[in-house]
Amino acid sequence: MIQKQFADQLIEYDKVATELAYSALPLEIGCSCNICRNFSAAISYIPSDVHIFLREIGIDPAKPASISDIGFEVNPGWCMGFYHIVGNYLEGDDYGHPVEHKIADGFQIGFTRSITFLPNVFPRPVLEMGFSFKMPWVLETTSI
């Protein structure tokens, strides 16, 4: 396990086990709503620093466990979601939402022990990484 500090949060993770779990997941998100379809289409627009960070801890950026918008009518483009990581939460405040751990401009993360929507391909222990970011709208349709 590799240990990594994020402000007041210390986690440890198994990059190889996380990569193996993601490789067992289907390529598509599994939801056909416009937010999820747009996320899939816009994944290549996420800053390269974010792609590098996610790959360093074993996450496939195209396979989030959940995606939702943050009031597109009020904050166009903002979305949030979470990924799972094989690892442990060691110390610090437990955040169920993204906080001030900025990976790139407009991309924040936070870790929690509270696990939801966990696919059965993930071995234990598991932690959840919430994220929020401004996602470009790339679908032809403008409705969400």
# chains A, B, ... in the order shown; residues from 1 in each chain; ligands from 1
>>> select_by_dssp(residues="chain A", states="strand (DSSP E or B)", output="PyMOL selection string")
chain A and resi 2-6+9-13+66-69+78-91+101-104+107-112+126-134
>>> write_last_selection(atoms="N, CA and C atoms", output="CSV table (one decimal), in the first residue's frame")
chain,number,residue,atom,x,y,z
A,2,ILE,N,0.4,2.2,-0.7
A,2,ILE,CA,1.1,3.5,-0.8
A,2,ILE,C,0.4,4.5,0.0
A,3,GLN,N,1.1,5.3,0.9
A,3,GLN,CA,0.4,6.3,1.7
A,3,GLN,C,0.6,7.7,1.0
A,4,LYS,N,-0.5,8.5,1.1
A,4,LYS,CA,-0.5,9.8,0.5
A,4,LYS,C,-1.3,10.7,1.4
A,5,GLN,N,-0.8,11.9,1.6
A,5,GLN,CA,-1.4,13.0,2.4
A,5,GLN,C,-2.1,14.0,1.5
A,6,PHE,N,-3.3,14.3,1.8
A,6,PHE,CA,-4.1,15.4,1.2
A,6,PHE,C,-4.6,16.3,2.3
A,9,GLN,N,-6.1,14.9,5.4
A,9,GLN,CA,-6.5,13.5,5.2
A,9,GLN,C,-5.3,12.7,4.7
A,10,LEU,N,-5.1,11.5,5.4
A,10,LEU,CA,-4.0,10.6,5.1
A,10,LEU,C,-4.7,9.3,4.7
A,11,ILE,N,-4.4,8.8,3.5
A,11,ILE,CA,-5.0,7.6,3.0
A,11,ILE,C,-3.8,6.7,2.6
A,12,GLU,N,-4.1,5.4,2.4
A,12,GLU,CA,-3.2,4.4,1.8
A,12,GLU,C,-4.0,3.7,0.8
A,13,TYR,N,-3.4,3.4,-0.3
A,13,TYR,CA,-4.1,2.7,-1.4
A,13,TYR,C,-3.2,1.7,-2.1
A,66,SER,N,-20.5,7.2,-9.7
A,66,SER,CA,-21.7,8.0,-9.8
A,66,SER,C,-21.3,9.4,-10.3
A,67,ILE,N,-22.2,10.0,-11.1
A,67,ILE,CA,-22.1,11.4,-11.6
A,67,ILE,C,-23.4,12.1,-11.4
A,68,SER,N,-23.3,13.4,-11.0
A,68,SER,CA,-24.5,14.2,-10.9
A,68,SER,C,-24.2,15.6,-11.2
A,69,ASP,N,-25.2,16.4,-11.6
A,69,ASP,CA,-24.9,17.8,-11.8
A,69,ASP,C,-25.1,18.6,-10.5
A,78,TRP,N,-21.0,22.5,-13.7
A,78,TRP,CA,-20.5,21.9,-12.5
A,78,TRP,C,-21.1,20.5,-12.3
A,79,CYS,N,-20.3,19.5,-12.1
A,79,CYS,CA,-20.8,18.2,-11.7
A,79,CYS,C,-20.0,17.6,-10.6
A,80,MET,N,-20.5,16.6,-10.0
A,80,MET,CA,-19.8,15.9,-8.9
A,80,MET,C,-20.1,14.4,-9.1
A,81,GLY,N,-19.3,13.6,-8.4
A,81,GLY,CA,-19.4,12.2,-8.4
A,81,GLY,C,-18.4,11.6,-7.5
A,82,PHE,N,-18.2,10.3,-7.7
A,82,PHE,CA,-17.2,9.6,-6.9
A,82,PHE,C,-16.6,8.4,-7.6
A,83,TYR,N,-15.4,8.0,-7.2
A,83,TYR,CA,-14.7,6.8,-7.6
A,83,TYR,C,-14.4,6.0,-6.3
A,84,HIS,N,-14.1,4.7,-6.5
A,84,HIS,CA,-13.7,3.9,-5.4
A,84,HIS,C,-12.2,3.5,-5.6
A,85,ILE,N,-11.6,3.3,-4.5
A,85,ILE,CA,-10.1,3.0,-4.4
A,85,ILE,C,-9.9,1.9,-3.4
A,86,VAL,N,-9.1,0.9,-3.8
A,86,VAL,CA,-8.8,-0.1,-2.9
A,86,VAL,C,-7.8,0.5,-1.9
A,87,GLY,N,-8.1,0.6,-0.6
A,87,GLY,CA,-7.2,1.2,0.3
A,87,GLY,C,-7.9,1.5,1.6
A,88,ASN,N,-7.3,2.3,2.5
A,88,ASN,CA,-7.7,2.6,3.8
A,88,ASN,C,-7.7,4.1,4.0
A,89,TYR,N,-8.6,4.5,4.9
A,89,TYR,CA,-8.6,5.9,5.4
A,89,TYR,C,-7.8,5.9,6.7
A,90,LEU,N,-6.7,6.6,6.8
A,90,LEU,CA,-5.9,6.5,8.0
A,90,LEU,C,-6.1,7.6,9.0
A,91,GLU,N,-6.2,8.8,8.6
A,91,GLU,CA,-6.5,9.9,9.5
A,91,GLU,C,-7.0,11.1,8.9
A,101,HIS,N,-9.1,20.0,-1.6
A,101,HIS,CA,-8.0,19.2,-2.1
A,101,HIS,C,-8.0,19.4,-3.6
A,102,LYS,N,-7.3,20.5,-4.1
A,102,LYS,CA,-7.4,20.8,-5.5
A,102,LYS,C,-6.3,20.0,-6.2
A,103,ILE,N,-6.7,19.3,-7.3
A,103,ILE,CA,-5.8,18.6,-8.1
A,103,ILE,C,-5.4,19.4,-9.3
A,104,ALA,N,-6.3,20.2,-9.8
A,104,ALA,CA,-6.1,21.2,-10.9
A,104,ALA,C,-7.1,22.3,-10.7
A,107,PHE,N,-10.9,21.4,-10.0
A,107,PHE,CA,-11.1,20.0,-9.7
A,107,PHE,C,-10.8,19.7,-8.3
A,108,GLN,N,-11.7,19.4,-7.5
A,108,GLN,CA,-11.5,19.2,-6.0
A,108,GLN,C,-11.9,17.7,-5.7
A,109,ILE,N,-11.2,17.2,-4.6
A,109,ILE,CA,-11.5,15.9,-4.2
A,109,ILE,C,-11.7,15.8,-2.6
A,110,GLY,N,-12.2,14.8,-2.1
A,110,GLY,CA,-12.3,14.5,-0.7
A,110,GLY,C,-12.5,13.0,-0.5
A,111,PHE,N,-12.1,12.5,0.6
A,111,PHE,CA,-12.2,11.0,0.8
A,111,PHE,C,-13.1,10.7,2.0
A,112,THR,N,-13.8,9.6,1.9
A,112,THR,CA,-14.7,9.2,3.0
A,112,THR,C,-14.7,7.7,3.1
A,126,VAL,N,-11.9,-0.7,1.1
A,126,VAL,CA,-12.2,0.3,0.0
A,126,VAL,C,-12.5,1.6,0.6
A,127,LEU,N,-12.1,2.7,0.0
A,127,LEU,CA,-12.5,4.0,0.3
A,127,LEU,C,-13.1,4.7,-0.9
A,128,GLU,N,-13.8,5.8,-0.6
A,128,GLU,CA,-14.5,6.5,-1.7
A,128,GLU,C,-13.9,7.9,-1.9
A,129,MET,N,-13.6,8.3,-3.1
A,129,MET,CA,-13.1,9.6,-3.4
A,129,MET,C,-14.2,10.4,-4.1
A,130,GLY,N,-14.7,11.4,-3.4
A,130,GLY,CA,-15.7,12.3,-4.1
A,130,GLY,C,-14.9,13.4,-4.9
A,131,PHE,N,-15.5,13.9,-5.9
A,131,PHE,CA,-14.9,14.9,-6.7
A,131,PHE,C,-16.0,15.9,-7.2
A,132,SER,N,-15.5,17.1,-7.5
A,132,SER,CA,-16.4,18.1,-8.2
A,132,SER,C,-15.5,18.8,-9.2
A,133,PHE,N,-16.1,19.2,-10.3
A,133,PHE,CA,-15.3,19.9,-11.3
A,133,PHE,C,-16.2,20.6,-12.3
A,134,LYS,N,-15.7,21.5,-13.1
A,134,LYS,CA,-16.5,22.1,-14.2
A,134,LYS,C,-16.2,21.3,-15.4
>>> select_by_dssp(residues="chain A", states="alpha helix (DSSP H)", output="CSV table (one decimal) with C-alpha atoms, in the first residue's frame")
chain,number,residue,atom,x,y,z
A,15,LYS,CA,-2.7,1.0,-7.1
A,16,VAL,CA,-2.5,-2.4,-8.7
A,17,ALA,CA,-5.6,-3.8,-7.0
A,18,THR,CA,-7.5,-0.6,-7.9
A,19,GLU,CA,-6.5,-0.9,-11.6
A,20,LEU,CA,-7.5,-4.6,-11.7
A,21,ALA,CA,-11.0,-3.7,-10.3
A,22,TYR,CA,-11.5,-0.9,-12.8
A,23,SER,CA,-10.3,-3.2,-15.7
A,34,ASN,CA,-27.7,13.6,-20.5
A,35,ILE,CA,-25.4,14.3,-17.6
A,36,CYS,CA,-23.8,10.9,-17.8
A,37,ARG,CA,-23.7,10.8,-21.5
A,38,ASN,CA,-22.0,14.2,-21.5
A,39,PHE,CA,-19.5,13.1,-18.9
A,40,SER,CA,-18.5,10.1,-21.1
A,41,ALA,CA,-18.2,12.4,-24.2
A,42,ALA,CA,-16.3,15.1,-22.2
A,48,SER,CA,-4.2,16.3,-18.0
A,49,ASP,CA,-3.1,16.8,-14.4
A,50,VAL,CA,-6.4,15.2,-13.3
A,51,HIS,CA,-5.9,12.3,-15.6
A,52,ILE,CA,-2.4,11.8,-14.4
A,53,PHE,CA,-3.5,12.0,-10.7
A,54,LEU,CA,-6.3,9.5,-11.2
A,55,ARG,CA,-4.1,7.0,-13.1
A,56,GLU,CA,-1.4,7.3,-10.4
>>> closest_residue(among="A:Pro64, A:Gly92, A:Gly77, A:Pro136", to="Ile29 of chain A", atoms="only C-alpha atoms")
A:Pro64
>>> atom_distance(atom1="atom CA of Thr116 of chain A", atom2="atom CA of Ile59 of chain A")
16.5 Å
